[in-house]
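Engineer: Quick one: the structure is below, questions incoming.
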Amino acid sequence: MVKRMLLMLAAMALFVAGLGYVKFQQFQAAIAQAAAFAPPPEAVTTVVASEDDWPVTIKAIGTTAPVQGVMVSADLPGIVSRIRFESGRRVRAGDVLVELDTKQEEAQLVAAEAERDLARVNFLRMEGLVADGAISQADYDRAAAEQKRTEARVGEIRATIARKVITAPFSGVLGIREAHLGQYLSAGDPVVPLQSLDPIHVNFGVPQQDAGELRVGRRVRVTADDLPGVALDGRITAVDSIVDEATRNVKVQATLANARGRLRPGMFVHIETIVGGSRPTIALPASAVSYAPYGDSVFVVSDLKDDSGKVYRGVRQQFVKLGGSRGDQIAVVSGLRPGEEVVTSGVFKLRNGAAIRVDNSVRPSNSATPDPEDS
């Protein structure tokens, strides 16, 4: 009985050992297969790097401002008797916006005109009397002074009436009305904002080391995130004479045409100033660059070898130094040579040494002056 039990235990041990060996062999084969597995090549688009003449520019962020902009306000106190404009409308210089009640001044004007007429009659009478020696020169002088005083009084009241008619000081676009019919306005109370939008100013700051490159007359190119595909050209019209102590920037002002009113005061805009000639550089689509905190890079297509020495089409990561941008392009200042084939899409899924498959049937635009369909 004991012998039979020992034989059964020995047989069971052999069975378990054989099963473990088989599983070990399977695991080893799986590990070897996984190590030999090569992922399929990634589909990418490419472009051959070539030199291009790239203008030397300075980029900045700025804010639009009106050439002329005021809050039209009441000059004298009074009650609004008539409003002759609509909010948001375009007006010309001299257009009447608001009329204040002038009944009291008109009554005063009638009385002042009567005093003036009486003073004029007295003065003419005195002229004849002084010539005959019937009155003294002093009486004649008093009559002349009284006539001038009454004339001045009439002029003063007429000026007061005129000042109660509020007009547009220049041509432009009105904002939202802040005065209402029947409202009492004190001197200085706001009526409506008025902005001149064409032309329009753009104010921006540049570092002090770049200020020497910016001179009056330099051409600027202005774009806004709210206006995709739209670029407006202008000229620098003023450069500040001082450097801001807080930012070490110099304030610059450019002026540009804005006939369609697409730019409004207070908008956030991008400014590109052309400060010189051009320099040779390599222009790539912006989608070709892999941005990272430790450095920007591109993937260059090359013939690589795997561990077995087999040659395959793959990529190597190349760190580059970038310059400015224009349209769909970004300038590569160093790190890349003309003639090298660079991946332009799909860079987010690549790594150094990855196998790739080039498919350029549809690839990103590489235009310096793109024309978006929805612009």
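In the structure tokens, each chain is lettered A, B, ... as it comes, each chain's residues begin at 1, and ligands are numbered from 1 in order of appearance.
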Skip Gln108 (chain A) itself and residues of its chain fewer than 5 positions away, then list as a PyMOL selection string all residues within 12 Å of it, counting only C-alpha atoms.

Structural biologist: chain A and resi 102-103+113-115+153-158+160-161

Engineer: Write the selection just made, keeping C-alpha atoms, as a CSV table (one decimal), in the first residue's frame?

Structural biologist:
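What follows is the written file again.csv:
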chain,number,residue,atom,x,y,z
A,102,THR,CA,-33.8,127.3,-24.1
A,103,LYS,CA,-37.1,129.0,-23.4
A,113,GLU,CA,-32.4,143.0,-27.8
A,114,ALA,CA,-35.0,145.6,-26.6
A,115,GLU,CA,-32.4,147.2,-24.3
A,153,ARG,CA,-25.3,141.1,-23.5
A,154,VAL,CA,-27.2,140.1,-26.7
A,155,GLY,CA,-24.1,138.2,-27.9
A,156,GLU,CA,-23.7,136.4,-24.6
A,157,ILE,CA,-27.3,135.1,-24.6
A,158,ARG,CA,-27.1,134.0,-28.2
A,160,THR,CA,-25.6,130.4,-24.4
A,161,ILE,CA,-28.4,129.3,-26.7

Engineer: For Gln253 (chain A), work out the shell of residues within 9 Å, counting only C-alpha atoms and skipping chain neighbours fewer than 6 positions away, then give it as a ChimeraX atom specification.

Structural biologist: /A:201-205,235-240

Engineer: In Å, how far is it from CA of Glu272 (chain A) to CA of Ile330 (chain A)?

Structural biologist: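 These atoms are spaced 13.9 Å apart.
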
Engineer: Region 315-326 of chain A: which residues within 7 Å, counting only C-alpha atoms, same-chain residues fewer than 2 positions away excluded, as a PyMOL selection string?

Structural biologist: chain A and resi 295-302+328-336+352-355+368

Engineer: So that I have them on file, write out the residues from the current selection with C-alpha atoms, as a compact mmCIF listing (two decimals), in the first residue's frame.

Structural biologist:
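After the write, selection_6.txt holds the following:
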# COMPACT_ATOMS: atom_id res chain seq x y z
CA GLY A 295 13.25 72.47 -26.86
CA ASP A 296 11.40 72.54 -30.17
CA SER A 297 12.11 69.79 -32.68
CA VAL A 298 11.18 68.31 -36.06
CA PHE A 299 11.31 64.74 -37.37
CA VAL A 300 13.64 64.20 -40.33
CA VAL A 301 13.01 61.19 -42.60
CA SER A 302 16.09 58.94 -42.93
CA ASP A 328 0.97 78.82 -42.42
CA GLN A 329 4.76 78.92 -42.17
CA ILE A 330 7.29 79.13 -39.38
CA ALA A 331 10.97 79.96 -39.85
CA VAL A 332 13.68 77.50 -38.83
CA VAL A 333 16.82 79.51 -38.08
CA SER A 334 19.18 76.62 -37.30
CA GLY A 335 19.25 72.84 -36.86
CA LEU A 336 18.01 71.89 -40.33
CA ASN A 352 12.98 58.88 -32.39
CA GLY A 353 13.60 55.88 -34.68
CA ALA A 354 9.91 55.22 -35.49
CA ALA A 355 9.10 53.61 -38.83
CA ALA A 368 3.05 82.50 -46.66

Engineer: Rank nothing, just name the residue among A:Ile79, A:Val230, A:Leu256, A:Ile242 nearest to Gly182 (chain A), using only C-alpha atoms.

Structural biologist: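 Answer, going by the shortest atom-to-atom distance: A:Ile79.
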
Engineer: Can you pull out the residues contacting Ala187 (chain A)? Cut-off 6 Å, using only C-alpha atoms, and skip same-chain residues under 4 positions away; I want them as a PyMOL selection string.

Structural biologist: chain A and resi 74-77

Engineer: Would you put the residues from that selection into a file with C-alpha atoms, as a CSV table (one decimal), in the first residue's frame?

Structural biologist:
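Here's the written file out_34.csv:
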chain,number,residue,atom,x,y,z
A,74,ALA,CA,-23.3,118.8,-22.0
A,75,ASP,CA,-21.6,122.1,-22.0
A,76,LEU,CA,-24.2,123.9,-19.9
A,77,PRO,CA,-27.0,122.6,-17.6

Engineer: Between A:Ser308, A:Thr167, A:Thr255, A:Thr281, which one has atoms that come closest to Ser50 (chain A), using only C-alpha atoms?

Structural biologist: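 Of A:Ser308, A:Thr167, A:Thr255, A:Thr281, the one nearest Ser50 (chain A), counting only C-alpha atoms, is A:Thr281.
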
Engineer: Within region 4-238 of chain A, find each residue whose DSSP state, derived from the backbone, is strand (DSSP E or B), and express the selection as a ChimeraX atom specification.

Structural biologist: /A:42-48,51-73,78-83,90-91,96-100,165-167,172-174,184-185,190-207,219-223,231-238

Engineer: Rank A:Ser365, A:Ser241, A:Gln68, A:Thr344 by their smallest atom-to-atom distance to Gly327 (chain A), using only C-alpha atoms, and report the top residue only.

Structural biologist: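 Nearest to Gly327 (chain A): A:Ser365.
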